[in-house]
Amino acid sequence: MTSVSHLKTMSLRKVHFVAKVSVNLQIEIKSGCHPATLFNIQDKLPLSSTTDVRVFSMKFNQYAFCLMAALSSNEVVSAPSASLQVAKPNSTLFTDIDSTDDQVVAVGKFGTIVTSTDGQNWQQAEVPVQSLLTAVTIKSDKAAWACGHDATIVHSSDNGKTWQLQQYLPEQGKPCLDIEFIDENTGFAIGAYGMFYKTTNGGKTWKSQFISDFVHPDDKEYLEELKEDDPEAYQDEIKFILPHFNRLLMKDNAFYLVGEMGLVAKSEDKGISWQKFEEFYPGSFFSVNETPDGQILVAGLRGNAFTKSQSDNDFAEIDIAQTATINAILPFKDSTLLFANSGLVHAFDGHQVTSEQLPSGHAILSATIFNNKVIMATEKGLITWGDSK
C-alpha cells in the first residue's frame, strides 16, 4: 500500500493515477448510484489516520462521473436526444439556479431547464440534450448559457424558453461544472480534470485551454519533453493531469477559481495566467463568492469554509459546527448564506455563523434571490425559503 508520506511527495500525475485506480474499483455501484445518495454519502465517510486527504478528495469528486453513469445510457450515440417534457418539471434534481430582475432559470437532471417570472409557477423549456446540466448563467433576456455532462453547452436567446446546442462532446467523458460570462460575448466553461474553455463570440465557438500554471513542477519538464517528442501522447496526457475545476468567480479584472485537492487560485488578467494560493486545506472546494463587505469566501467538503480580505493572501477558517458539505455561497444583504447537504443553511455575518435546517433534509446545491425570496435548487426540486430582509 502506498504510504501517506509517499503520496504527498508524488507529482500530480502520479497522485491522479493512484486515485483513479481506487475510484475505478468502486464504480461497480454504477447501476445503483442514486443522486440523493451521492450528495450525502461524503458527509458520512470518516477519514482515518492512514487516509491521504488528497486522494480521498479526488475519489469523492468522481460524483460527476458516477451520476453520468447512473443517469445516461451505455449506448454510444452520434447526436443527443432532446430532454423529456414532464408533468412536474420543478420537482426533479436541480443543480444550479440563476436570476435577473424579471426571471429565474434552473437546470438539472436529464437536461431539464425550467423558467419562472414569479418564482412560483414554472415552465419547462425546450432543450436539445438529456445530459445532466450542472450550471447556468444569465446575462440578459437574450443571452443565457447552461453547461453539464458530456461537455455540453447550450444557449438561449428568448428568455430561456428554447435552447440551442453549442457544444456536445460525450466522447470526452468529462462534465462541465460551471459556466460564467463577462459580457454577452466573452465567457468561460470549466470542469473535470482541468476542463477550461473560452469563447469570445457568445459561444458560437469554444476553444479549449490547458492551464499549465497548475501542473506539478516535476511534471512540467516531462510534459515539455512529451509535447516535443510525441504530440499525440501529450494531448492524451493533459486530458487527466489537472484537478477538477469546480467553480469560477469573476469580479472586475480578478478571477477566482476553486477545485479539488485544495485548489484556490487567482487571475488578474482575466484567466490568461493564474497564481495558486498556498494550500490551507487539502480537500475539495465547491464554491467561491464575495461577501457583502468585500471578502473572498471559499467553501466545500465536510463543511469547511475560509475567508480572506481582498488585500490579504491568507485565508482564515470559519467556525462551522456541522460537517455537511457546502455547495453554494450567496451574498445576502449584510450577511452571506452558505447552502449545504442535509438541508443546512448557514448565515455568516463576517464574524460568526448561525444555522438552520430544512425539514426535508434535502441537499441544497444552489440558490438565488428573486422577488425578495431565496429560491433554492435541491436534490428533490425547487424550494422557496424565507424573506430576503
# chains A, B, ... in the order shown; residues from 1 in each chain; ligands from 1
$ select_by_dssp --residues "segment 92-212 of chain A" --states "helix (DSSP H, G or I)" --output "PyMOL selection string"
chain A and resi 109-111+149-151+170-172+192-194+212
$ residues_around --residues "segment 336-342 of chain A" --least-positions-apart "2" --cutoff "7 Å" --atoms "only C-alpha atoms" --output "NGL selection string"
:A and (39-40 or 291 or 324-332 or 344-349 or 361-366)
$ write_last_selection --atoms "C-alpha atoms" --output "compact mmCIF listing (two decimals), in the first residue's frame"
# COMPACT_ATOMS: atom_id res chain seq x y z
CA PHE A 39 -24.90 14.10 -2.36
CA ASN A 40 -24.98 12.86 1.25
CA THR A 291 -19.21 38.65 0.83
CA ALA A 324 -22.25 18.76 5.81
CA THR A 325 -20.55 19.66 2.54
CA ILE A 326 -21.20 23.23 1.39
CA ASN A 327 -22.25 23.51 -2.25
CA ALA A 328 -23.06 27.19 -2.80
CA ILE A 329 -22.41 30.67 -1.40
CA LEU A 330 -24.80 33.61 -1.83
CA PRO A 331 -24.35 37.23 -0.62
CA PHE A 332 -27.47 38.18 1.31
CA LEU A 344 -28.43 23.11 6.08
CA VAL A 345 -28.35 26.87 5.53
CA HIS A 346 -25.59 28.81 7.31
CA ALA A 347 -25.62 32.59 7.70
CA PHE A 348 -22.20 34.25 8.12
CA ASP A 349 -22.16 37.89 9.28
CA GLY A 361 -33.09 17.49 4.93
CA HIS A 362 -32.61 17.57 1.16
CA ALA A 363 -29.22 18.64 -0.16
CA ILE A 364 -29.20 22.26 -1.36
CA LEU A 365 -27.00 22.65 -4.43
CA SER A 366 -27.54 26.29 -5.37
$ atom_distance --atom1 "atom CA of Pro80 of chain A" --atom2 "atom CA of Thr134 of chain A"
16.7 Å
$ closest_atom_pairs --of "segment 74-186 of chain A" --to "segment 271-288 of chain A" --cutoff "12 Å" --atoms "only C-alpha atoms" --output "JSON lines"
{"residue": "A:Asp96", "atom": "CA", "partner": "A:Ser287", "partner_atom": "CA", "distance": 11.8}
{"residue": "A:Leu177", "atom": "CA", "partner": "A:Phe286", "partner_atom": "CA", "distance": 9.7}
{"residue": "A:Asp178", "atom": "CA", "partner": "A:Ser287", "partner_atom": "CA", "distance": 10.1}
{"residue": "A:Glu180", "atom": "CA", "partner": "A:Gly271", "partner_atom": "CA", "distance": 11.9}
{"residue": "A:Ile182", "atom": "CA", "partner": "A:Gly271", "partner_atom": "CA", "distance": 11.3}
{"residue": "A:Thr186", "atom": "CA", "partner": "A:Gly271", "partner_atom": "CA", "distance": 11.4}
$ write_last_selection --atoms "all heavy atoms" --output "short mmCIF file (atom, residue, chain, number, x, y, z; two decimals), in the first residue's frame"
data_model
loop_
_atom_site.label_atom_id
_atom_site.label_comp_id
_atom_site.auth_asym_id
_atom_site.auth_seq_id
_atom_site.Cartn_x
_atom_site.Cartn_y
_atom_site.Cartn_z
N ASP A 96 -28.33 23.89 -10.28
CA ASP A 96 -27.95 25.31 -10.27
C ASP A 96 -29.16 26.16 -10.63
O ASP A 96 -30.11 25.69 -11.27
CB ASP A 96 -26.81 25.57 -11.26
CG ASP A 96 -26.09 26.89 -10.97
OD1 ASP A 96 -26.20 27.41 -9.84
OD2 ASP A 96 -25.41 27.41 -11.88
N LEU A 177 -18.65 21.88 -15.15
CA LEU A 177 -19.19 22.09 -13.81
C LEU A 177 -19.56 23.53 -13.51
O LEU A 177 -20.25 23.81 -12.53
CB LEU A 177 -18.19 21.57 -12.77
CG LEU A 177 -17.86 20.08 -12.87
CD1 LEU A 177 -16.78 19.70 -11.87
CD2 LEU A 177 -19.10 19.23 -12.66
N ASP A 178 -19.12 24.47 -14.34
CA ASP A 178 -19.51 25.86 -14.14
C ASP A 178 -19.34 26.61 -15.45
O ASP A 178 -18.48 26.27 -16.28
CB ASP A 178 -18.66 26.52 -13.04
CG ASP A 178 -19.27 27.83 -12.54
OD1 ASP A 178 -20.48 28.06 -12.79
OD2 ASP A 178 -18.55 28.62 -11.89
N GLU A 180 -19.48 30.85 -16.83
CA GLU A 180 -19.63 32.26 -16.47
C GLU A 180 -19.27 33.12 -17.66
O GLU A 180 -18.41 32.76 -18.47
CB GLU A 180 -18.70 32.62 -15.29
CG GLU A 180 -19.00 31.88 -14.00
CD GLU A 180 -20.28 32.34 -13.32
OE1 GLU A 180 -20.81 33.40 -13.72
OE2 GLU A 180 -20.76 31.64 -12.41
N ILE A 182 -18.35 37.26 -18.93
CA ILE A 182 -18.02 38.64 -18.60
C ILE A 182 -19.08 39.57 -19.19
O ILE A 182 -19.56 40.50 -18.55
CB ILE A 182 -16.63 39.01 -19.14
CG1 ILE A 182 -15.55 38.14 -18.50
CG2 ILE A 182 -16.34 40.49 -18.92
CD1 ILE A 182 -14.16 38.37 -19.09
N THR A 186 -17.90 37.21 -24.22
CA THR A 186 -16.75 36.54 -23.62
C THR A 186 -17.17 35.73 -22.41
O THR A 186 -17.72 36.27 -21.44
CB THR A 186 -15.68 37.55 -23.21
OG1 THR A 186 -15.32 38.36 -24.34
CG2 THR A 186 -14.44 36.83 -22.67
#
$ select_by_dssp --residues "segment 334-364 of chain A" --states "strand (DSSP E)" --output "ChimeraX atom specification"
/A:335-340,344-348,353-357,364
$ residues_around --residues "Ile138 of chain A" --least-positions-apart "6" --cutoff "9 Å" --atoms "only C-alpha atoms" --output "list of chain:residue names"
A:Asp98, A:Ser99, A:Thr100, A:Val105, A:Ala144, A:Trp145, A:Ala146, A:Glu180, A:Phe181
$ closest_residue --among "A:Val104, A:Ser81, A:His244, A:Asp334" --to "Thr368 of chain A" --atoms "only C-alpha atoms"
A:Val104
$ closest_residue --among "A:Asp183, A:Cys147, A:Tyr222, A:Asp141" --to "Tyr197 of chain A" --atoms "only C-alpha atoms"
A:Cys147
$ decode --residues "segment 162-194 of chain A" --atoms "N, CA, C and O atoms" --output "PDB file, in the first residue's frame"
ATOM      1  N   THR A 162     -36.403  28.381 -25.187  1.00  0.00           N
ATOM      2  CA  THR A 162     -35.784  27.349 -26.004  1.00  0.00           C
ATOM      3  C   THR A 162     -34.268  27.497 -25.928  1.00  0.00           C
ATOM      4  O   THR A 162     -33.745  28.601 -25.714  1.00  0.00           O
ATOM      5  N   TRP A 163     -33.573  26.364 -26.136  1.00  0.00           N
ATOM      6  CA  TRP A 163     -32.120  26.356 -26.016  1.00  0.00           C
ATOM      7  C   TRP A 163     -31.506  25.684 -27.233  1.00  0.00           C
ATOM      8  O   TRP A 163     -32.058  24.710 -27.751  1.00  0.00           O
ATOM      9  N   GLN A 164     -30.364  26.219 -27.660  1.00  0.00           N
ATOM     10  CA  GLN A 164     -29.666  25.680 -28.817  1.00  0.00           C
ATOM     11  C   GLN A 164     -28.314  25.116 -28.376  1.00  0.00           C
ATOM     12  O   GLN A 164     -27.640  25.682 -27.510  1.00  0.00           O
ATOM     13  N   LEU A 165     -27.931  24.021 -29.014  1.00  0.00           N
ATOM     14  CA  LEU A 165     -26.688  23.344 -28.666  1.00  0.00           C
ATOM     15  C   LEU A 165     -25.485  24.094 -29.241  1.00  0.00           C
ATOM     16  O   LEU A 165     -25.438  24.408 -30.422  1.00  0.00           O
ATOM     17  N   GLN A 166     -24.517  24.388 -28.378  1.00  0.00           N
ATOM     18  CA  GLN A 166     -23.268  24.998 -28.828  1.00  0.00           C
ATOM     19  C   GLN A 166     -22.106  24.013 -28.771  1.00  0.00           C
ATOM     20  O   GLN A 166     -21.186  24.100 -29.570  1.00  0.00           O
ATOM     21  N   GLN A 167     -22.164  23.094 -27.807  1.00  0.00           N
ATOM     22  CA  GLN A 167     -21.102  22.098 -27.702  1.00  0.00           C
ATOM     23  C   GLN A 167     -21.650  20.824 -27.074  1.00  0.00           C
ATOM     24  O   GLN A 167     -22.434  20.879 -26.135  1.00  0.00           O
ATOM     25  N   TYR A 168     -21.210  19.680 -27.612  1.00  0.00           N
ATOM     26  CA  TYR A 168     -21.622  18.369 -27.100  1.00  0.00           C
ATOM     27  C   TYR A 168     -20.517  17.383 -27.421  1.00  0.00           C
ATOM     28  O   TYR A 168     -20.310  17.032 -28.583  1.00  0.00           O
ATOM     29  N   LEU A 169     -19.766  16.947 -26.387  1.00  0.00           N
ATOM     30  CA  LEU A 169     -18.590  16.105 -26.589  1.00  0.00           C
ATOM     31  C   LEU A 169     -18.635  14.900 -25.654  1.00  0.00           C
ATOM     32  O   LEU A 169     -17.813  14.764 -24.744  1.00  0.00           O
ATOM     33  N   PRO A 170     -19.584  13.975 -25.850  1.00  0.00           N
ATOM     34  CA  PRO A 170     -19.706  12.824 -24.948  1.00  0.00           C
ATOM     35  C   PRO A 170     -18.488  11.913 -24.965  1.00  0.00           C
ATOM     36  O   PRO A 170     -18.219  11.223 -23.978  1.00  0.00           O
ATOM     37  N   GLU A 171     -17.745  11.927 -26.055  1.00  0.00           N
ATOM     38  CA  GLU A 171     -16.580  11.048 -26.150  1.00  0.00           C
ATOM     39  C   GLU A 171     -15.486  11.436 -25.152  1.00  0.00           C
ATOM     40  O   GLU A 171     -14.623  10.630 -24.813  1.00  0.00           O
ATOM     41  N   GLN A 172     -15.532  12.668 -24.651  1.00  0.00           N
ATOM     42  CA  GLN A 172     -14.523  13.099 -23.676  1.00  0.00           C
ATOM     43  C   GLN A 172     -14.765  12.506 -22.292  1.00  0.00           C
ATOM     44  O   GLN A 172     -13.835  12.374 -21.503  1.00  0.00           O
ATOM     45  N   GLY A 173     -16.010  12.185 -21.989  1.00  0.00           N
ATOM     46  CA  GLY A 173     -16.328  11.632 -20.685  1.00  0.00           C
ATOM     47  C   GLY A 173     -16.087  12.599 -19.544  1.00  0.00           C
ATOM     48  O   GLY A 173     -15.794  12.192 -18.420  1.00  0.00           O
ATOM     49  N   LYS A 174     -16.203  13.897 -19.800  1.00  0.00           N
ATOM     50  CA  LYS A 174     -15.959  14.910 -18.770  1.00  0.00           C
ATOM     51  C   LYS A 174     -17.171  15.839 -18.637  1.00  0.00           C
ATOM     52  O   LYS A 174     -17.700  16.311 -19.649  1.00  0.00           O
ATOM     53  N   PRO A 175     -17.585  16.127 -17.415  1.00  0.00           N
ATOM     54  CA  PRO A 175     -18.646  17.104 -17.238  1.00  0.00           C
ATOM     55  C   PRO A 175     -18.108  18.521 -17.127  1.00  0.00           C
ATOM     56  O   PRO A 175     -17.028  18.748 -16.570  1.00  0.00           O
ATOM     57  N   CYS A 176     -18.832  19.462 -17.674  1.00  0.00           N
ATOM     58  CA  CYS A 176     -18.610  20.882 -17.388  1.00  0.00           C
ATOM     59  C   CYS A 176     -19.304  21.162 -16.063  1.00  0.00           C
ATOM     60  O   CYS A 176     -20.447  20.738 -15.848  1.00  0.00           O
ATOM     61  N   LEU A 177     -18.648  21.877 -15.153  1.00  0.00           N
ATOM     62  CA  LEU A 177     -19.193  22.088 -13.807  1.00  0.00           C
ATOM     63  C   LEU A 177     -19.557  23.534 -13.505  1.00  0.00           C
ATOM     64  O   LEU A 177     -20.245  23.806 -12.526  1.00  0.00           O
ATOM     65  N   ASP A 178     -19.119  24.467 -14.345  1.00  0.00           N
ATOM     66  CA  ASP A 178     -19.506  25.864 -14.138  1.00  0.00           C
ATOM     67  C   ASP A 178     -19.338  26.615 -15.447  1.00  0.00           C
ATOM     68  O   ASP A 178     -18.482  26.268 -16.277  1.00  0.00           O
ATOM     69  N   ILE A 179     -20.153  27.654 -15.615  1.00  0.00           N
ATOM     70  CA  ILE A 179     -20.060  28.488 -16.813  1.00  0.00           C
ATOM     71  C   ILE A 179     -20.354  29.925 -16.400  1.00  0.00           C
ATOM     72  O   ILE A 179     -21.316  30.194 -15.681  1.00  0.00           O
ATOM     73  N   GLU A 180     -19.483  30.849 -16.835  1.00  0.00           N
ATOM     74  CA  GLU A 180     -19.626  32.257 -16.470  1.00  0.00           C
ATOM     75  C   GLU A 180     -19.273  33.124 -17.665  1.00  0.00           C
ATOM     76  O   GLU A 180     -18.407  32.761 -18.474  1.00  0.00           O
ATOM     77  N   PHE A 181     -19.934  34.293 -17.762  1.00  0.00           N
ATOM     78  CA  PHE A 181     -19.673  35.233 -18.850  1.00  0.00           C
ATOM     79  C   PHE A 181     -19.349  36.614 -18.301  1.00  0.00           C
ATOM     80  O   PHE A 181     -19.982  37.082 -17.348  1.00  0.00           O
ATOM     81  N   ILE A 182     -18.351  37.257 -18.927  1.00  0.00           N
ATOM     82  CA  ILE A 182     -18.023  38.644 -18.597  1.00  0.00           C
ATOM     83  C   ILE A 182     -19.081  39.566 -19.189  1.00  0.00           C
ATOM     84  O   ILE A 182     -19.560  40.497 -18.554  1.00  0.00           O
ATOM     85  N   ASP A 183     -19.420  39.299 -20.444  1.00  0.00           N
ATOM     86  CA  ASP A 183     -20.447  40.042 -21.167  1.00  0.00           C
ATOM     87  C   ASP A 183     -21.131  39.052 -22.100  1.00  0.00           C
ATOM     88  O   ASP A 183     -20.989  37.841 -21.937  1.00  0.00           O
ATOM     89  N   GLU A 184     -21.862  39.528 -23.078  1.00  0.00           N
ATOM     90  CA  GLU A 184     -22.598  38.615 -23.944  1.00  0.00           C
ATOM     91  C   GLU A 184     -21.716  37.939 -24.994  1.00  0.00           C
ATOM     92  O   GLU A 184     -22.207  37.112 -25.763  1.00  0.00           O
ATOM     93  N   ASN A 185     -20.436  38.252 -25.005  1.00  0.00           N
ATOM     94  CA  ASN A 185     -19.525  37.637 -25.972  1.00  0.00           C
ATOM     95  C   ASN A 185     -18.463  36.759 -25.323  1.00  0.00           C
ATOM     96  O   ASN A 185     -18.166  35.671 -25.813  1.00  0.00           O
ATOM     97  N   THR A 186     -17.897  37.215 -24.224  1.00  0.00           N
ATOM     98  CA  THR A 186     -16.754  36.538 -23.619  1.00  0.00           C
ATOM     99  C   THR A 186     -17.174  35.727 -22.408  1.00  0.00           C
ATOM    100  O   THR A 186     -17.718  36.270 -21.438  1.00  0.00           O
ATOM    101  N   GLY A 187     -16.908  34.416 -22.482  1.00  0.00           N
ATOM    102  CA  GLY A 187     -17.292  33.548 -21.374  1.00  0.00           C
ATOM    103  C   GLY A 187     -16.333  32.389 -21.206  1.00  0.00           C
ATOM    104  O   GLY A 187     -15.460  32.128 -22.050  1.00  0.00           O
ATOM    105  N   PHE A 188     -16.521  31.671 -20.092  1.00  0.00           N
ATOM    106  CA  PHE A 188     -15.648  30.556 -19.733  1.00  0.00           C
ATOM    107  C   PHE A 188     -16.496  29.387 -19.234  1.00  0.00           C
ATOM    108  O   PHE A 188     -17.483  29.581 -18.522  1.00  0.00           O
ATOM    109  N   ALA A 189     -16.092  28.182 -19.599  1.00  0.00           N
ATOM    110  CA  ALA A 189     -16.730  26.959 -19.111  1.00  0.00           C
ATOM    111  C   ALA A 189     -15.634  26.079 -18.523  1.00  0.00           C
ATOM    112  O   ALA A 189     -14.632  25.806 -19.189  1.00  0.00           O
ATOM    113  N   ILE A 190     -15.817  25.636 -17.273  1.00  0.00           N
ATOM    114  CA  ILE A 190     -14.784  24.862 -16.590  1.00  0.00           C
ATOM    115  C   ILE A 190     -15.363  23.543 -16.105  1.00  0.00           C
ATOM    116  O   ILE A 190     -16.584  23.377 -16.010  1.00  0.00           O
ATOM    117  N   GLY A 191     -14.457  22.585 -15.768  1.00  0.00           N
ATOM    118  CA  GLY A 191     -14.993  21.321 -15.300  1.00  0.00           C
ATOM    119  C   GLY A 191     -13.932  20.309 -14.905  1.00  0.00           C
ATOM    120  O   GLY A 191     -12.842  20.669 -14.441  1.00  0.00           O
ATOM    121  N   ALA A 192     -14.249  19.040 -15.116  1.00  0.00           N
ATOM    122  CA  ALA A 192     -13.432  17.935 -14.624  1.00  0.00           C
ATOM    123  C   ALA A 192     -12.063  17.895 -15.284  1.00  0.00           C
ATOM    124  O   ALA A 192     -11.907  18.214 -16.462  1.00  0.00           O
ATOM    125  N   TYR A 193     -11.059  17.459 -14.501  1.00  0.00           N
ATOM    126  CA  TYR A 193      -9.688  17.290 -14.975  1.00  0.00           C
ATOM    127  C   TYR A 193      -9.181  18.518 -15.730  1.00  0.00           C
ATOM    128  O   TYR A 193      -8.612  18.418 -16.809  1.00  0.00           O
ATOM    129  N   GLY A 194      -9.387  19.678 -15.138  1.00  0.00           N
ATOM    130  CA  GLY A 194      -8.835  20.894 -15.718  1.00  0.00           C
ATOM    131  C   GLY A 194      -9.536  21.404 -16.956  1.00  0.00           C
ATOM    132  O   GLY A 194      -8.963  22.207 -17.710  1.00  0.00           O
TER     133      GLY A 194
END
